[in-house]
$ cat input.txt   # compact mmCIF, C-alpha atoms
# COMPACT_ATOMS: atom_id res chain seq x y z
CA MET A 1 10.31 15.77 25.02
CA SER A 2 7.04 14.54 26.57
CA LYS A 3 6.59 10.82 27.00
CA LYS A 4 3.40 8.81 27.06
CA PRO A 5 2.80 5.50 28.82
CA LEU A 6 2.29 2.64 26.42
CA GLN A 7 1.16 -0.91 27.19
CA PHE A 8 1.06 -3.81 24.78
CA THR A 9 1.86 -7.51 24.57
CA LEU A 10 5.29 -8.30 23.16
CA ASN A 11 5.86 -11.92 22.15
CA GLY A 12 3.21 -12.99 24.64
CA SER A 13 4.48 -10.93 27.58
CA PRO A 14 2.77 -7.80 28.93
CA THR A 15 5.03 -4.84 28.25
CA ALA A 16 4.82 -1.27 29.58
CA VAL A 17 7.11 1.57 28.52
CA PHE A 18 7.14 5.34 28.11
CA ALA A 19 7.36 6.45 24.47
CA ASN A 20 8.35 9.82 23.04
CA GLY A 21 5.60 11.72 21.24
CA GLY A 22 5.61 10.74 17.56
CA ALA A 23 8.10 7.90 18.08
CA ASN A 24 7.91 4.98 15.72
CA LEU A 25 7.41 1.49 17.12
CA LEU A 26 10.80 0.27 15.93
CA ASP A 27 12.61 2.89 18.00
CA VAL A 28 10.49 2.06 21.04
CA LEU A 29 11.15 -1.67 20.71
CA ARG A 30 14.89 -1.18 20.30
CA ARG A 31 15.56 1.73 22.67
CA GLU A 32 12.89 1.51 25.36
CA VAL A 33 12.09 -2.22 25.45
CA GLY A 34 15.54 -3.50 24.47
CA ASP A 35 14.36 -5.92 21.78
CA LEU A 36 17.08 -5.48 19.15
CA THR A 37 15.81 -8.19 16.81
CA PRO A 38 13.86 -5.89 14.43
CA LYS A 39 16.46 -3.91 12.48
CA TYR A 40 16.52 -0.28 11.37
CA GLY A 41 17.17 -0.16 7.63
CA CYS A 42 15.73 2.63 5.53
CA GLY A 43 13.23 4.29 7.87
CA GLN A 44 10.84 4.87 4.98
CA GLY A 45 9.13 1.53 4.33
CA THR A 46 11.28 0.35 1.48
CA CYS A 47 13.54 -2.39 2.85
CA GLY A 48 11.29 -4.44 5.16
CA THR A 49 13.92 -5.42 7.72
CA CYS A 50 11.83 -3.93 10.55
CA THR A 51 8.85 -6.17 9.69
CA ILE A 52 6.96 -7.21 12.82
CA LEU A 53 3.49 -8.64 13.40
CA ILE A 54 0.74 -6.59 15.00
CA ASP A 55 -2.29 -8.70 15.89
CA GLY A 56 -0.93 -11.27 13.42
CA GLU A 57 -0.63 -8.88 10.46
CA PRO A 58 2.77 -7.88 9.05
CA HIS A 59 3.62 -4.22 9.64
CA LEU A 60 6.71 -2.08 9.33
CA GLY A 61 7.95 -0.94 12.72
CA CYS A 62 9.57 2.18 11.28
CA LEU A 63 6.26 3.43 9.82
CA THR A 64 4.08 2.53 12.79
CA LEU A 65 3.31 5.21 15.34
CA ALA A 66 4.27 3.55 18.61
CA GLU A 67 1.15 4.60 20.50
CA SER A 68 -1.06 2.98 17.84
CA VAL A 69 -0.22 -0.45 19.35
CA GLU A 70 -1.72 0.39 22.76
CA GLY A 71 -3.41 -2.79 24.00
CA ARG A 72 -2.42 -4.82 20.96
CA SER A 73 -0.22 -7.86 20.39
CA VAL A 74 3.23 -7.35 18.84
CA GLU A 75 5.49 -10.17 17.67
CA THR A 76 9.16 -9.88 16.73
CA THR A 77 11.87 -12.34 15.75
CA GLY A 78 12.89 -12.26 19.41
CA GLY A 79 9.83 -14.36 20.23
CA LEU A 80 10.26 -17.04 17.57
CA ALA A 81 12.52 -19.49 19.39
CA ASN A 82 11.22 -21.46 22.35
CA GLY A 83 14.23 -21.46 24.64
CA PRO A 84 16.94 -23.41 22.84
CA ASP A 85 14.47 -24.73 20.27
CA LEU A 86 14.52 -22.66 17.10
CA HIS A 87 11.33 -21.99 15.16
CA PRO A 88 11.11 -24.17 12.01
CA LEU A 89 11.67 -21.05 9.89
CA GLN A 90 14.86 -20.20 11.81
CA LYS A 91 16.05 -23.80 11.48
CA GLU A 92 15.49 -23.87 7.74
CA PHE A 93 17.07 -20.45 7.21
CA MET A 94 20.14 -21.67 9.07
CA GLU A 95 20.41 -25.07 7.45
CA GLY A 96 19.66 -23.73 3.97
CA PHE A 97 22.13 -20.81 4.09
CA ALA A 98 19.25 -18.37 3.66
CA ALA A 99 21.15 -15.68 5.55
CA GLN A 100 24.47 -14.20 4.51
CA CYS A 101 25.00 -10.78 6.10
CA GLY A 102 21.79 -11.42 8.04
CA PHE A 103 20.50 -7.87 8.14
CA CYS A 104 17.30 -8.65 6.23
CA THR A 105 16.73 -11.93 8.10
CA PRO A 106 14.52 -10.70 10.98
CA GLY A 107 12.16 -9.04 8.52
CA MET A 108 12.19 -12.04 6.20
CA LEU A 109 11.39 -14.38 9.09
CA MET A 110 8.44 -12.28 10.26
CA ALA A 111 7.07 -11.82 6.73
CA ALA A 112 7.34 -15.60 6.31
CA LYS A 113 5.68 -16.25 9.68
CA ALA A 114 2.77 -14.00 8.71
CA LEU A 115 2.34 -16.06 5.56
CA LEU A 116 2.60 -19.50 7.18
CA ASP A 117 0.27 -18.55 10.04
CA GLN A 118 -2.44 -17.85 7.44
CA ASN A 119 -1.42 -20.29 4.75
CA PRO A 120 0.50 -23.32 6.06
CA ARG A 121 1.18 -24.81 2.58
CA PRO A 122 1.90 -21.85 0.29
CA SER A 123 2.93 -22.12 -3.33
CA ARG A 124 6.28 -20.74 -4.47
CA GLU A 125 4.45 -17.75 -6.01
CA GLU A 126 2.71 -17.05 -2.71
CA VAL A 127 6.05 -17.12 -0.90
CA VAL A 128 7.55 -14.69 -3.45
CA GLU A 129 4.58 -12.35 -2.95
CA ALA A 130 4.82 -12.62 0.85
CA ILE A 131 8.44 -11.41 0.88
CA SER A 132 8.01 -8.94 -1.98
CA GLY A 133 8.36 -6.02 0.44
CA ASN A 134 11.62 -7.32 1.92
CA ILE A 135 14.91 -6.56 0.24
CA CYS A 136 17.91 -8.89 0.41
CA ARG A 137 21.14 -7.82 -1.25
CA CYS A 138 23.12 -11.03 -0.58
CA THR A 139 21.29 -14.24 -1.32
CA GLY A 140 19.44 -13.67 -4.59
CA TYR A 141 16.28 -14.75 -2.70
CA GLU A 142 16.18 -18.37 -3.92
CA SER A 143 17.61 -19.85 -0.73
CA ILE A 144 15.14 -17.77 1.32
CA ILE A 145 12.18 -18.93 -0.76
CA ASP A 146 13.33 -22.55 -0.48
CA ALA A 147 13.78 -22.24 3.29
CA ILE A 148 10.23 -20.93 3.72
CA LEU A 149 8.83 -23.73 1.57
CA ARG A 150 10.78 -26.31 3.58
CA ALA A 151 9.55 -24.80 6.84
CA SER A 152 6.04 -25.41 5.54
CA GLY A 153 6.90 -29.08 5.14
CA GLN A 154 7.41 -29.01 1.39
CA ASN A 155 10.31 -30.95 -0.06
CA VAL A 156 12.41 -28.61 -2.18
CA GLY A 157 16.07 -28.72 -3.12
CA ARG A 158 18.53 -27.38 -0.59
CA ALA A 159 21.00 -24.67 -1.57
CA VAL A 160 24.63 -25.86 -1.47
CA MET B 1 8.81 17.59 19.82
CA ILE B 2 5.81 15.97 18.15
CA THR B 3 2.45 16.14 19.88
CA VAL B 4 -0.02 13.36 19.06
CA ASP B 5 -3.69 14.19 19.59
CA ASN B 6 -6.30 11.43 19.42
CA PHE B 7 -9.98 11.91 18.60
CA ASN B 8 -12.96 9.58 18.45
CA SER B 9 -14.78 11.18 15.53
CA VAL B 10 -13.80 12.56 12.15
CA ALA B 11 -15.58 15.83 12.92
CA GLU B 12 -13.49 16.36 16.07
CA GLY B 13 -10.32 15.49 14.18
CA ALA B 14 -11.15 17.86 11.32
CA ASN B 15 -11.85 20.63 13.82
CA ALA B 16 -8.49 20.01 15.49
CA LEU B 17 -6.67 20.03 12.15
CA SER B 18 -8.02 23.49 11.38
CA SER B 19 -5.48 24.82 13.87
CA GLY B 20 -2.61 22.90 12.25
CA GLY B 21 -1.05 19.45 12.18
CA ARG B 22 -0.80 16.40 9.97
CA TYR B 23 -3.47 13.74 9.77
CA TYR B 24 -2.32 10.18 10.54
CA GLY B 25 -4.16 7.62 8.41
CA GLY B 26 -2.08 4.45 7.98
CA GLY B 27 1.21 6.17 8.76
CA THR B 28 3.11 5.33 5.58
CA LEU B 29 3.40 9.00 4.56
CA VAL B 30 3.41 10.79 7.93
CA MET B 31 5.90 8.50 9.66
CA ARG B 32 8.42 8.91 6.85
CA ASP B 33 8.34 12.61 7.60
CA ALA B 34 8.49 11.94 11.35
CA ASN B 35 11.61 9.82 10.78
CA TYR B 36 13.38 12.17 8.38
CA ALA B 37 11.97 15.65 8.83
CA GLU B 38 10.78 15.80 12.39
CA GLU B 39 11.55 19.51 12.54
CA ASN B 40 8.71 20.12 10.07
CA LEU B 41 6.21 18.03 12.01
CA GLU B 42 4.92 19.44 15.28
CA ARG B 43 1.54 17.80 15.62
CA ILE B 44 -0.09 14.55 14.50
CA VAL B 45 -3.86 14.15 14.59
CA ARG B 46 -5.28 10.60 14.85
CA VAL B 47 -8.92 9.61 14.54
CA SER B 48 -10.34 6.25 15.64
CA ASP B 49 -13.80 6.66 14.08
CA PRO B 50 -15.08 3.21 12.96
CA THR B 51 -16.89 4.75 9.98
CA LEU B 52 -13.47 5.31 8.40
CA ASN B 53 -13.11 1.54 8.01
CA GLU B 54 -16.55 0.79 6.57
CA ILE B 55 -17.19 -0.78 3.18
CA ARG B 56 -20.80 -0.67 2.04
CA THR B 57 -22.71 -0.91 -1.23
CA GLN B 58 -25.39 1.57 -2.30
CA GLY B 59 -27.05 0.67 -5.58
CA ASN B 60 -24.39 0.45 -8.26
CA ARG B 61 -21.75 2.20 -6.14
CA GLN B 62 -19.57 1.25 -3.19
CA ILE B 63 -18.70 3.57 -0.34
CA LEU B 64 -15.25 2.88 1.05
CA GLY B 65 -14.05 4.60 4.23
CA ALA B 66 -10.84 6.55 3.86
CA GLY B 67 -9.20 4.36 6.51
CA VAL B 68 -9.85 1.12 4.61
CA THR B 69 -6.48 -0.54 4.08
CA MET B 70 -5.22 -2.34 1.01
CA ALA B 71 -5.15 -5.56 3.07
CA GLN B 72 -8.82 -5.03 3.97
CA ILE B 73 -9.72 -4.60 0.30
CA ILE B 74 -7.89 -7.82 -0.58
CA ARG B 75 -9.69 -9.90 2.06
CA THR B 76 -13.18 -8.43 1.53
CA ARG B 77 -15.39 -10.33 -0.90
CA GLU B 78 -17.36 -7.21 -1.94
CA THR B 79 -14.18 -5.54 -3.20
CA GLU B 80 -12.80 -8.55 -5.05
CA HIS B 81 -12.70 -6.56 -8.31
CA LEU B 82 -10.22 -4.16 -6.65
CA SER B 83 -8.04 -6.89 -5.19
CA ASP B 84 -5.39 -6.83 -7.93
CA VAL B 85 -5.12 -3.05 -7.61
CA ALA B 86 -4.59 -3.29 -3.85
CA LYS B 87 -2.01 -6.05 -4.35
CA ALA B 88 -0.02 -3.69 -6.59
CA VAL B 89 0.56 -1.38 -3.61
CA GLY B 90 3.80 -2.35 -1.82
CA GLY B 91 4.40 -5.64 -0.05
CA PRO B 92 2.09 -7.21 2.58
CA ALA B 93 3.46 -5.08 5.45
CA ILE B 94 2.81 -1.83 3.57
CA ARG B 95 -0.66 -3.05 2.59
CA SER B 96 -1.56 -3.66 6.26
CA ALA B 97 -1.12 0.07 6.84
CA ALA B 98 -1.64 1.87 3.51
CA THR B 99 -5.13 3.32 3.27
CA LEU B 100 -7.43 4.29 0.47
CA GLY B 101 -7.38 7.87 1.78
CA GLY B 102 -3.59 7.97 1.86
CA ASN B 103 -3.45 6.92 -1.78
CA LEU B 104 -5.30 10.13 -2.66
CA PHE B 105 -2.30 12.10 -1.37
CA ALA B 106 0.65 9.84 -2.15
CA PRO B 107 3.07 11.69 -4.41
CA ASN B 108 4.52 10.19 -7.60
CA PRO B 109 5.51 7.42 -8.12
CA TYR B 110 3.22 6.09 -5.37
CA GLY B 111 -0.56 6.07 -4.99
CA ASP B 112 -1.46 3.40 -7.57
CA PHE B 113 -4.86 2.85 -5.95
CA ALA B 114 -5.87 6.45 -6.70
CA VAL B 115 -5.54 5.67 -10.41
CA ALA B 116 -8.19 2.97 -10.10
CA MET B 117 -10.42 5.32 -8.10
CA LEU B 118 -10.12 7.93 -10.86
CA ALA B 119 -11.10 5.39 -13.52
CA LEU B 120 -14.09 4.26 -11.41
CA ASP B 121 -15.58 7.75 -11.23
CA GLY B 122 -14.65 8.34 -7.60
CA ILE B 123 -16.54 10.88 -5.52
CA VAL B 124 -14.62 12.09 -2.48
CA SER B 125 -16.56 12.95 0.66
CA VAL B 126 -14.82 15.47 2.91
CA THR B 127 -15.98 16.05 6.47
CA GLY B 128 -17.66 19.45 6.69
CA ALA B 129 -17.17 20.24 2.99
CA GLY B 130 -19.46 17.85 1.12
CA GLU B 131 -18.59 15.84 -1.96
CA GLN B 132 -16.20 16.50 -4.78
CA GLY B 133 -15.39 14.61 -7.99
CA ILE B 134 -12.07 12.82 -7.65
CA GLU B 135 -10.58 14.49 -10.72
CA GLN B 136 -11.06 17.94 -9.21
CA PHE B 137 -9.97 16.68 -5.79
CA LEU B 138 -6.69 15.27 -7.09
CA ALA B 139 -5.93 18.45 -9.02
CA SER B 140 -6.14 20.52 -5.83
CA ARG B 141 -4.90 17.96 -3.30
CA ASP B 142 -1.72 19.86 -2.43
CA SER B 143 -3.75 22.58 -0.74
CA PHE B 144 -6.20 20.23 1.01
CA ALA B 145 -6.39 20.65 4.78
CA GLY B 146 -9.31 18.53 6.01
CA ILE B 147 -10.09 14.85 6.50
CA VAL B 148 -11.49 12.65 3.77
CA GLN B 149 -14.36 10.60 5.18
CA ASN B 150 -14.86 8.15 2.32
CA VAL B 151 -14.76 7.66 -1.43
CA SER B 152 -17.70 6.43 -3.49
CA LEU B 153 -16.75 4.26 -6.47
CA ALA B 154 -18.76 2.84 -9.33
CA VAL B 155 -19.03 -0.95 -9.28
CA PRO B 156 -18.00 -2.03 -12.77
CA ASP B 157 -19.75 -4.81 -14.67
CA ARG B 158 -17.61 -7.92 -14.86
CA GLY B 159 -14.84 -7.60 -17.44
CA THR B 160 -15.17 -3.85 -17.95
CA PHE B 161 -12.50 -2.74 -15.47
CA ARG B 162 -8.78 -3.44 -15.84
CA PHE B 163 -5.67 -2.28 -14.04
CA ARG B 164 -1.99 -2.59 -14.82
CA LYS B 165 1.07 -1.43 -12.92
CA VAL B 166 4.15 -1.15 -15.09
CA SER B 167 7.42 -1.51 -13.19
CA ARG B 168 10.91 -2.67 -13.98
CA ILE B 169 11.42 -4.92 -10.95
CA LYS B 170 9.53 -8.18 -10.50
CA PRO B 171 7.48 -9.16 -8.66
CA LYS B 172 7.20 -5.71 -7.09
CA GLY B 173 8.72 -2.39 -7.98
CA VAL B 174 7.91 1.29 -8.10
CA SER B 175 5.65 2.41 -10.94
CA VAL B 176 6.97 3.47 -14.29
CA MET B 177 3.28 4.14 -14.70
CA SER B 178 -0.02 2.62 -13.69
CA ILE B 179 -3.09 2.44 -15.90
CA ALA B 180 -6.75 1.81 -15.06
CA THR B 181 -9.53 1.54 -17.61
CA TRP B 182 -13.27 1.28 -17.17
CA LEU B 183 -15.04 0.67 -20.45
CA PRO B 184 -18.78 0.10 -19.94
CA GLN B 185 -20.45 -1.27 -23.04
CA SER B 186 -23.92 -0.86 -24.44
CA ALA B 187 -25.02 -3.12 -27.31
CA GLY B 188 -21.39 -4.02 -27.98
CA ARG B 189 -20.23 -0.43 -28.14
CA ILE B 190 -18.19 1.52 -25.61
CA SER B 191 -20.12 4.07 -23.62
CA ASN B 192 -18.68 6.53 -21.06
CA ALA B 193 -15.12 5.20 -21.18
CA ARG B 194 -12.73 6.27 -18.44
CA ILE B 195 -8.96 5.84 -18.80
CA ALA B 196 -6.67 6.94 -15.97
CA PHE B 197 -2.90 7.06 -15.72
CA GLY B 198 -0.64 7.35 -12.69
CA VAL B 199 2.86 8.89 -12.74
CA MET B 200 2.02 10.48 -16.10
CA GLY B 201 1.34 13.93 -14.69
CA PRO B 202 1.66 15.79 -11.39
CA HIS B 203 -1.18 13.60 -10.03
CA PRO B 204 -3.30 10.76 -11.48
CA ILE B 205 -4.93 12.06 -14.66
CA ARG B 206 -7.43 10.96 -17.28
CA ALA B 207 -6.59 10.42 -20.93
CA LYS B 208 -9.67 12.21 -22.21
CA ALA B 209 -8.78 12.28 -25.89
CA ALA B 210 -8.31 8.51 -25.84
CA GLU B 211 -11.63 8.10 -24.01
CA GLN B 212 -13.29 10.19 -26.71
CA ALA B 213 -11.71 8.11 -29.47
CA LEU B 214 -13.26 4.97 -27.95
CA GLU B 215 -16.72 6.45 -27.43
CA GLY B 216 -19.44 4.63 -29.35
CA ALA B 217 -16.93 2.32 -31.04
CA GLN B 218 -16.35 -1.39 -30.84
CA LEU B 219 -13.19 -2.44 -29.10
CA ASP B 220 -11.05 -3.57 -32.03
CA GLU B 221 -7.49 -2.91 -33.13
CA THR B 222 -8.38 -0.03 -35.44
CA THR B 223 -10.24 1.81 -32.67
CA VAL B 224 -7.50 1.14 -30.15
CA ASP B 225 -4.80 2.36 -32.55
CA ARG B 226 -6.77 5.57 -33.01
CA ALA B 227 -7.15 6.00 -29.24
CA VAL B 228 -3.52 5.42 -28.27
CA THR B 229 -2.20 7.96 -30.79
CA THR B 230 -4.01 10.68 -28.82
CA LEU B 231 -2.31 10.01 -25.47
CA ASN B 232 0.22 12.79 -25.72
CA ASN B 233 -2.68 15.28 -25.75
CA ASP B 234 -3.28 14.58 -22.06
CA LEU B 235 -0.22 12.91 -20.52
CA ARG B 236 2.54 15.07 -19.04
CA PRO B 237 5.07 12.60 -17.61
CA MET B 238 8.08 13.83 -15.70
CA ASP B 239 11.59 12.50 -15.27
CA ASP B 240 12.47 10.63 -12.10
CA ALA B 241 14.95 7.97 -10.99
CA ILE B 242 12.75 5.23 -12.44
CA ALA B 243 12.32 6.53 -16.00
CA SER B 244 12.51 9.66 -18.11
CA GLY B 245 9.39 11.46 -19.22
CA TRP B 246 10.37 10.73 -22.82
CA TYR B 247 10.53 6.98 -22.13
CA ARG B 248 7.18 7.04 -20.37
CA SER B 249 5.59 8.87 -23.32
CA GLU B 250 7.01 6.34 -25.76
CA VAL B 251 5.80 3.22 -23.92
CA ALA B 252 2.41 4.46 -22.65
CA PRO B 253 0.62 3.78 -25.98
CA ILE B 254 2.10 0.27 -26.12
CA HIS B 255 0.97 -0.65 -22.60
CA LEU B 256 -2.50 0.82 -23.11
CA LYS B 257 -2.93 -0.97 -26.43
CA ARG B 258 -1.95 -4.30 -24.90
CA MET B 259 -4.36 -3.76 -22.02
CA LEU B 260 -7.29 -2.83 -24.20
CA LEU B 261 -6.80 -5.64 -26.71
CA GLU B 262 -6.25 -8.22 -23.96
CA ARG B 263 -9.54 -7.09 -22.56
CA SER B 264 -11.40 -7.59 -25.82
CA GLY B 265 -9.65 -10.92 -26.49

$ encode --input "input.txt" --output "structure tokens"
Amino acid sequence: MSKKPLQFTLNGSPTAVFANGGANLLDVLRREVGDLTPKYGCGQGTCGTCTILIDGEPHLGCLTLAESVEGRSVETTGGLANGPDLHPLQKEFMEGFAAQCGFCTPGMLMAAKALLDQNPRPSREEVVEAISGNICRCTGYESIIDAILRASGQNVGRAV
Amino acid sequence: MITVDNFNSVAEGANALSSGGRYYGGGTLVMRDANYAEENLERIVRVSDPTLNEIRTQGNRQILGAGVTMAQIIRTRETEHLSDVAKAVGGPAIRSAATLGGNLFAPNPYGDFAVAMLALDGIVSVTGAGEQGIEQFLASRDSFAGIVQNVSLAVPDRGTFRFRKVSRIKPKGVSVMSIATWLPQSAGRISNARIAFGVMGPHPIRAKAAEQALEGAQLDETTVDRAVTTLNNDLRPMDDAIASGWYRSEVAPIHLKRMLLERSG
């Protein structure tokens, strides 16, 4: 299979890889770059666990042609923490039990980051809409919604 | 092996497609096939022509490039009246990629935006092949092999256009059906009504008998009751995992009646 050179910025760092023709970005991130934080779920845009940010917009890695990010900025959950310091979203997800099996969590975090980057004080309805493309089969969503609201500085009840 | 060919203009891309391949718009349809049926996909054609992303107004119509995304429609002031339709398409990550052009080809139960385009008297412009009414375009879309350049849509007067997506999962689920109505009025009476349904036929279709029943009438309960009883003349819903065709036929008149009377209220 022919490979093409591909250069982009991943979590702030210049990244250069060779990608198979027609490869999706999720495969390239996981197999070529070695960033395993975006997960492979359905491969058809239904589950949202491969959600990443491209130039600040949420996208699905499994439905993005890898070479379409040439020269662009890609963000994954792998870039959220600053060394040992977790991102406020990660902290609130952890402290609020917003992850159970954890498979949806990387996508949830990136969908939430896309929202808070644009809208630092969202309403509950706006949070629900922001994660409406991300499926969780464990939590029932409430603890995730609360964690996102708390990460935005809003005082909501904590799941127990 | 999949070959990806990139072109700078729609004309070059259309020329390349004439020798085979799949056109890559936003990727939501093509990449599913690349992930699951790679053996049927040998060549992808991409075009980076900026005209595909243009939104412009000409008189009482808007010209929207086929590459305009649902996210672009939501954040553009000139397309505010289409914002709720675009929001009905997937979650935010899908909307960053899903294009207006892709909605023309999305199979049931997807492609909700095409329903709105059908109600708003869409005219599809195809590179090298001129313009075609959207109704005719949708009916023959399975054999289409070019590149859609843009779609021209009527700009409805305030309050005359309405859209509803009916789904069983909140806040976001796959369509049981989607409905778009454009009911221009003249001296308090309906004139040139257009009613479009999605997932109620092999492609988005118009409910022409219902449109006829509304023509020249005032929008009241008696008129609406008369219109909704005609729906089965035009709708041909199929069974899928979301709902049976029988169920869809039973609830379509109820949803349309609610929409139309909400509008008049």

$ closest_residue --input "input.txt" --among "B:Gly65, B:Gly146, B:Gly90, B:Gly20" --to "chain A" --atoms "all atoms listed in the file"
B:Gly90

$ interface_residues --input "input.txt" --of "chain A" --to "chain B" --cutoff "7 Å" --atoms "only C-alpha atoms" --output "PyMOL selection string"
chain A and resi 1+21-22+43-44+51+57-60+63-65+130+132-133

$ atom_distance --input "input.txt" --atom1 "CA of Gln62 (chain B)" --atom2 "CA of Val151 (chain B)"
8.2 Å

$ residues_around --input "input.txt" --residues "region 72-75 of chain B" --least-positions-apart "4" --cutoff "12 Å" --atoms "only C-alpha atoms" --output "PDB file with C-alpha atoms, keeping the file's coordinate frame"
ATOM      1  CA  GLU A  57      -0.630  -8.880  10.460  1.00  0.00           C
TER       2      GLU A  57
ATOM      3  CA  ASN B  53     -13.110   1.540   8.010  1.00  0.00           C
ATOM      4  CA  GLU B  54     -16.550   0.790   6.570  1.00  0.00           C
ATOM      5  CA  ILE B  55     -17.190  -0.780   3.180  1.00  0.00           C
ATOM      6  CA  ARG B  56     -20.800  -0.670   2.040  1.00  0.00           C
ATOM      7  CA  GLN B  62     -19.570   1.250  -3.190  1.00  0.00           C
ATOM      8  CA  LEU B  64     -15.250   2.880   1.050  1.00  0.00           C
ATOM      9  CA  GLY B  65     -14.050   4.600   4.230  1.00  0.00           C
ATOM     10  CA  ALA B  66     -10.840   6.550   3.860  1.00  0.00           C
ATOM     11  CA  GLY B  67      -9.200   4.360   6.510  1.00  0.00           C
ATOM     12  CA  VAL B  68      -9.850   1.120   4.610  1.00  0.00           C
ATOM     13  CA  THR B  79     -14.180  -5.540  -3.200  1.00  0.00           C
ATOM     14  CA  GLU B  80     -12.800  -8.550  -5.050  1.00  0.00           C
ATOM     15  CA  HIS B  81     -12.700  -6.560  -8.310  1.00  0.00           C
ATOM     16  CA  LEU B  82     -10.220  -4.160  -6.650  1.00  0.00           C
ATOM     17  CA  SER B  83      -8.040  -6.890  -5.190  1.00  0.00           C
ATOM     18  CA  ASP B  84      -5.390  -6.830  -7.930  1.00  0.00           C
ATOM     19  CA  VAL B  85      -5.120  -3.050  -7.610  1.00  0.00           C
ATOM     20  CA  ALA B  86      -4.590  -3.290  -3.850  1.00  0.00           C
ATOM     21  CA  LYS B  87      -2.010  -6.050  -4.350  1.00  0.00           C
ATOM     22  CA  ALA B  88      -0.020  -3.690  -6.590  1.00  0.00           C
ATOM     23  CA  VAL B  89       0.560  -1.380  -3.610  1.00  0.00           C
ATOM     24  CA  PRO B  92       2.090  -7.210   2.580  1.00  0.00           C
ATOM     25  CA  ARG B  95      -0.660  -3.050   2.590  1.00  0.00           C
ATOM     26  CA  SER B  96      -1.560  -3.660   6.260  1.00  0.00           C
ATOM     27  CA  ALA B  97      -1.120   0.070   6.840  1.00  0.00           C
ATOM     28  CA  ALA B  98      -1.640   1.870   3.510  1.00  0.00           C
ATOM     29  CA  THR B  99      -5.130   3.320   3.270  1.00  0.00           C
ATOM     30  CA  LEU B 100      -7.430   4.290   0.470  1.00  0.00           C
ATOM     31  CA  PHE B 113      -4.860   2.850  -5.950  1.00  0.00           C
TER      32      PHE B 113
END

$ residues_around --input "input.txt" --residues "Pro109 (chain B)" --least-positions-apart "3" --cutoff "7 Å" --atoms "only C-alpha atoms" --output "PyMOL selection string"
chain B and resi 174-175+199

$ write_last_selection --input "input.txt" --atoms "C-alpha atoms" --output "PDB file, keeping the file's coordinate frame"
ATOM      1  CA  VAL B 174       7.910   1.290  -8.100  1.00  0.00           C
ATOM      2  CA  SER B 175       5.650   2.410 -10.940  1.00  0.00           C
ATOM      3  CA  VAL B 199       2.860   8.890 -12.740  1.00  0.00           C
TER       4      VAL B 199
END

$ closest_residue --input "input.txt" --among "B:Pro204, B:Ala145, B:Asn40, B:Thr57" --to "Gly13 (chain B)" --atoms "only C-alpha atoms"
B:Ala145

$ residues_near_point --input "input.txt" --point "(-5.5, 3.4, -17.8)" --cutoff "8 Å" --atoms "only C-alpha atoms" --output "list of chain:residue names"
B:Val115, B:Ala119, B:Arg162, B:Phe163, B:Arg164, B:Ser178, B:Ile179, B:Ala180, B:Thr181, B:Arg194, B:Ile195, B:Ala196, B:Phe197, B:Arg206, B:Ala207, B:Leu256

$ residues_near_point --input "input.txt" --point "(-8.6, 14.3, -27.7)" --cutoff "10 Å" --atoms "only C-alpha atoms" --output "JSON, numbers by chain"
{"B": [207, 208, 209, 210, 211, 212, 213, 227, 229, 230, 231, 232, 233, 234]}

$ atom_distance --input "input.txt" --atom1 "CA of Leu261 (chain B)" --atom2 "CA of Pro184 (chain B)"
14.9 Å

$ residues_around --input "input.txt" --residues "Leu183 (chain B)" --least-positions-apart "5" --cutoff "7 Å" --atoms "all atoms listed in the file" --output "PDB file with C-alpha atoms, in the frame of the given file"
ATOM      1  CA  THR B 160     -15.170  -3.850 -17.950  1.00  0.00           C
ATOM      2  CA  PHE B 161     -12.500  -2.740 -15.470  1.00  0.00           C
ATOM      3  CA  ILE B 190     -18.190   1.520 -25.610  1.00  0.00           C
ATOM      4  CA  SER B 191     -20.120   4.070 -23.620  1.00  0.00           C
ATOM      5  CA  ASN B 192     -18.680   6.530 -21.060  1.00  0.00           C
ATOM      6  CA  ALA B 193     -15.120   5.200 -21.180  1.00  0.00           C
ATOM      7  CA  ARG B 194     -12.730   6.270 -18.440  1.00  0.00           C
TER       8      ARG B 194
END

$ decode --input "input.txt" --residues "region 37-42 of chain A" --atoms "N, CA and C atoms" --output "compact mmCIF listing (two decimals), in the first residue's frame"
# COMPACT_ATOMS: atom_id res chain seq x y z
N THR A 37 -4.97 7.73 23.00
CA THR A 37 -6.07 8.30 23.79
C THR A 37 -7.40 8.36 23.04
N PRO A 38 -7.46 8.69 21.75
CA PRO A 38 -8.75 8.58 21.07
C PRO A 38 -9.05 7.10 20.80
N LYS A 39 -10.28 6.68 21.12
CA LYS A 39 -10.61 5.26 21.03
C LYS A 39 -11.34 4.92 19.73
N TYR A 40 -11.18 3.67 19.31
CA TYR A 40 -11.95 3.17 18.16
C TYR A 40 -13.20 2.49 18.69
N GLY A 41 -14.37 3.04 18.35
CA GLY A 41 -15.62 2.44 18.80
C GLY A 41 -16.36 1.81 17.64
N CYS A 42 -17.14 2.60 16.94
CA CYS A 42 -18.02 2.04 15.90
C CYS A 42 -17.43 2.14 14.50
